[in-house]
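First the structure, in the form of structure tokens, and then the observations on it.
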Amino acid sequence: MHALIHPIQKLNAAYLIVNIAEAQAQVRLQLMYVIVDSELGHVFGFGVTPKRAVEYFLHGLLSYDGPPLDTRPCSPALYRRLRALDRKGMPFVDCRINRNGVAVCRKDMSRTITRRKG
């Protein structure tokens, strides 16, 4: 004799699947931020929130006498690149600002991060 699945169980399972899909979509769409010179594309700091990006920029900084900086949303690819460079102690890459105002990887940027020996 095979067991029947109650209609309420089917609804609960469908609701769970929808919730998991929504949670995954939110993680993919989570914005990250960079502190950037919008004209030149130089990145000065990054973080998961604008406040964290500013804290990263100000960490150990006594003063800043340069062009005005912007806090911009950042693409996940650029954020991953910046985190990898930060972990390796390497300087940040430059970015470009797309037409939506989001900091993204430059098109001429290499896909691999290697440290020069020497």
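Simple scheme: letters A, B, ... for chains in structure tokens order, numbers from 1 for residues in each chain, numbers from 1 for ligands in the order shown.
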
Got a sec: who's within 6 Å of segment 41-54 of chain A, counting only C-alpha atoms, leaving out chain neighbours fewer than 6 positions off, as a list in words?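 Contacts, in chain order: Met32, Tyr33, Val34, Ile35, Asp94, Cys95 and Arg96 of chain A.
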
Those residues with C-alpha atoms, as a short mmCIF file (atom, residue, chain, number, x, y, z; two decimals), in the first residue's frame please?
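See part-v3.cif below for the written result:
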```cif
data_model
loop_
_atom_site.label_atom_id
_atom_site.label_comp_id
_atom_site.auth_asym_id
_atom_site.auth_seq_id
_atom_site.Cartn_x
_atom_site.Cartn_y
_atom_site.Cartn_z
CA MET A 32 28.42 45.89 -2.29
CA TYR A 33 30.04 49.32 -2.30
CA VAL A 34 33.32 50.96 -3.25
CA ILE A 35 34.90 54.32 -2.48
CA ASP A 94 40.91 50.39 -11.28
CA CYS A 95 37.28 50.13 -12.29
CA ARG A 96 34.87 51.87 -14.59
#
```

Arg80 of chain A: which residues within 12 Å, counting only C-alpha atoms, same-chain residues fewer than 3 positions away excluded, as a PDB file with C-alpha atoms, in the first residue's frame?
```
ATOM      1  CA  MET A  32      28.421  45.892  -2.286  1.00  0.00           C
ATOM      2  CA  TYR A  33      30.037  49.316  -2.299  1.00  0.00           C
ATOM      3  CA  VAL A  34      33.325  50.961  -3.247  1.00  0.00           C
ATOM      4  CA  PHE A  46      35.261  48.628  -0.422  1.00  0.00           C
ATOM      5  CA  GLY A  47      32.695  47.029   1.849  1.00  0.00           C
ATOM      6  CA  VAL A  48      29.362  45.272   2.112  1.00  0.00           C
ATOM      7  CA  CYS A  74      29.806  47.688  -6.944  1.00  0.00           C
ATOM      8  CA  SER A  75      29.346  44.618  -9.118  1.00  0.00           C
ATOM      9  CA  PRO A  76      29.865  41.234  -7.433  1.00  0.00           C
ATOM     10  CA  ALA A  77      32.736  40.439  -9.844  1.00  0.00           C
ATOM     11  CA  ARG A  83      38.698  40.990  -1.786  1.00  0.00           C
ATOM     12  CA  ALA A  84      41.199  38.647  -3.451  1.00  0.00           C
ATOM     13  CA  LEU A  85      43.689  41.469  -3.971  1.00  0.00           C
ATOM     14  CA  ASP A  86      43.224  42.651  -0.383  1.00  0.00           C
ATOM     15  CA  ARG A  87      43.870  39.141   0.982  1.00  0.00           C
ATOM     16  CA  PHE A  92      43.519  47.502  -5.953  1.00  0.00           C
ATOM     17  CA  VAL A  93      42.589  47.452  -9.602  1.00  0.00           C
ATOM     18  CA  VAL A 104      32.351  47.310 -12.566  1.00  0.00           C
ATOM     19  CA  CYS A 105      35.535  45.604 -13.780  1.00  0.00           C
ATOM     20  CA  ARG A 111      40.739  37.477 -15.338  1.00  0.00           C
ATOM     21  CA  THR A 112      43.509  36.053 -13.143  1.00  0.00           C
ATOM     22  CA  ILE A 113      45.259  37.534 -10.156  1.00  0.00           C
TER      23      ILE A 113
END
```

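Comparing the minimum interatomic distances between Thr71 of chain A and each of A:Leu31, A:Met90, A:Val102, A:Val36, counting only C-alpha atoms, we find that A:Val36 sits nearest.
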
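Distance annotation: of A:Pro73, A:Tyr64, A:Glu55, A:Gly89, the residue with the minimal separation from Gly101 of chain A is A:Pro73; atom set is only C-alpha atoms.
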
Just the strand (DSSP E or B) stuff from segment 55-106 of chain A, please, per backbone DSSP, written as an mmCIF file with N, CA and C atoms, in the first residue's frame.
```
data_model
loop_
_atom_site.group_PDB
_atom_site.id
_atom_site.type_symbol
_atom_site.label_atom_id
_atom_site.label_comp_id
_atom_site.auth_asym_id
_atom_site.auth_seq_id
_atom_site.Cartn_x
_atom_site.Cartn_y
_atom_site.Cartn_z
ATOM 1 N N ASP A 70 33.499 59.253 -4.406
ATOM 2 C CA ASP A 70 32.097 58.849 -4.376
ATOM 3 C C ASP A 70 31.978 57.459 -3.764
ATOM 4 N N THR A 71 30.851 57.220 -3.119
ATOM 5 C CA THR A 71 30.500 55.869 -2.703
ATOM 6 C C THR A 71 29.541 55.341 -3.754
ATOM 7 N N ARG A 72 29.948 54.266 -4.414
ATOM 8 C CA ARG A 72 29.156 53.704 -5.517
ATOM 9 C C ARG A 72 28.820 52.251 -5.247
ATOM 10 N N PRO A 73 27.663 51.788 -5.728
ATOM 11 C CA PRO A 73 27.421 50.347 -5.697
ATOM 12 C C PRO A 73 28.444 49.661 -6.596
ATOM 13 N N CYS A 74 28.720 48.421 -6.289
ATOM 14 C CA CYS A 74 29.806 47.688 -6.944
ATOM 15 C C CYS A 74 29.276 46.352 -7.444
ATOM 16 N N CYS A 95 38.571 50.596 -11.793
ATOM 17 C CA CYS A 95 37.276 50.131 -12.293
ATOM 18 C C CYS A 95 36.731 51.168 -13.264
ATOM 19 N N ARG A 96 35.591 50.890 -13.795
ATOM 20 C CA ARG A 96 34.870 51.869 -14.595
ATOM 21 C C ARG A 96 33.456 51.951 -14.046
ATOM 22 N N ILE A 97 32.813 53.069 -14.269
ATOM 23 C CA ILE A 97 31.438 53.271 -13.824
ATOM 24 C C ILE A 97 30.531 53.066 -15.034
ATOM 25 N N ALA A 103 29.980 50.565 -10.143
ATOM 26 C CA ALA A 103 31.393 50.303 -10.402
ATOM 27 C C ALA A 103 31.545 48.851 -10.853
ATOM 28 N N VAL A 104 32.177 48.650 -12.002
ATOM 29 C CA VAL A 104 32.351 47.310 -12.566
ATOM 30 C C VAL A 104 33.807 47.133 -12.999
ATOM 31 N N CYS A 105 34.191 45.896 -13.288
ATOM 32 C CA CYS A 105 35.535 45.604 -13.780
ATOM 33 C C CYS A 105 35.730 46.271 -15.136
#
```

As an MDAnalysis selection string, which residues of segment 35-105 of chain A does DSSP assign to alpha helix (DSSP H)? chainID A and resid 50:58 76:88

Output file for the selection above: C-alpha atoms, as a compact mmCIF listing (two decimals), in the first residue's frame:
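Output contents, as saved in part-v3.txt:
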```txt
# COMPACT_ATOMS: atom_id res chain seq x y z
CA PRO A 50 28.56 52.14 2.42
CA LYS A 51 29.60 52.59 6.06
CA ARG A 52 32.02 49.64 5.89
CA ALA A 53 33.49 50.96 2.63
CA VAL A 54 34.17 54.33 4.27
CA GLU A 55 35.63 52.63 7.36
CA TYR A 56 37.97 50.61 5.14
CA PHE A 57 39.08 53.79 3.37
CA LEU A 58 39.62 55.70 6.63
CA PRO A 76 29.86 41.23 -7.43
CA ALA A 77 32.74 40.44 -9.84
CA LEU A 78 34.63 43.61 -8.92
CA TYR A 79 33.97 43.02 -5.22
CA ARG A 80 35.39 39.48 -5.45
CA ARG A 81 38.44 40.83 -7.28
CA LEU A 82 39.03 43.51 -4.62
CA ARG A 83 38.70 40.99 -1.79
CA ALA A 84 41.20 38.65 -3.45
CA LEU A 85 43.69 41.47 -3.97
CA ASP A 86 43.22 42.65 -0.38
CA ARG A 87 43.87 39.14 0.98
CA LYS A 88 47.08 38.93 -1.05
```

Distance in Å - atom CA of Asn98 of chain A versus atom CA of Pro67 of chain A: 19.9 Å
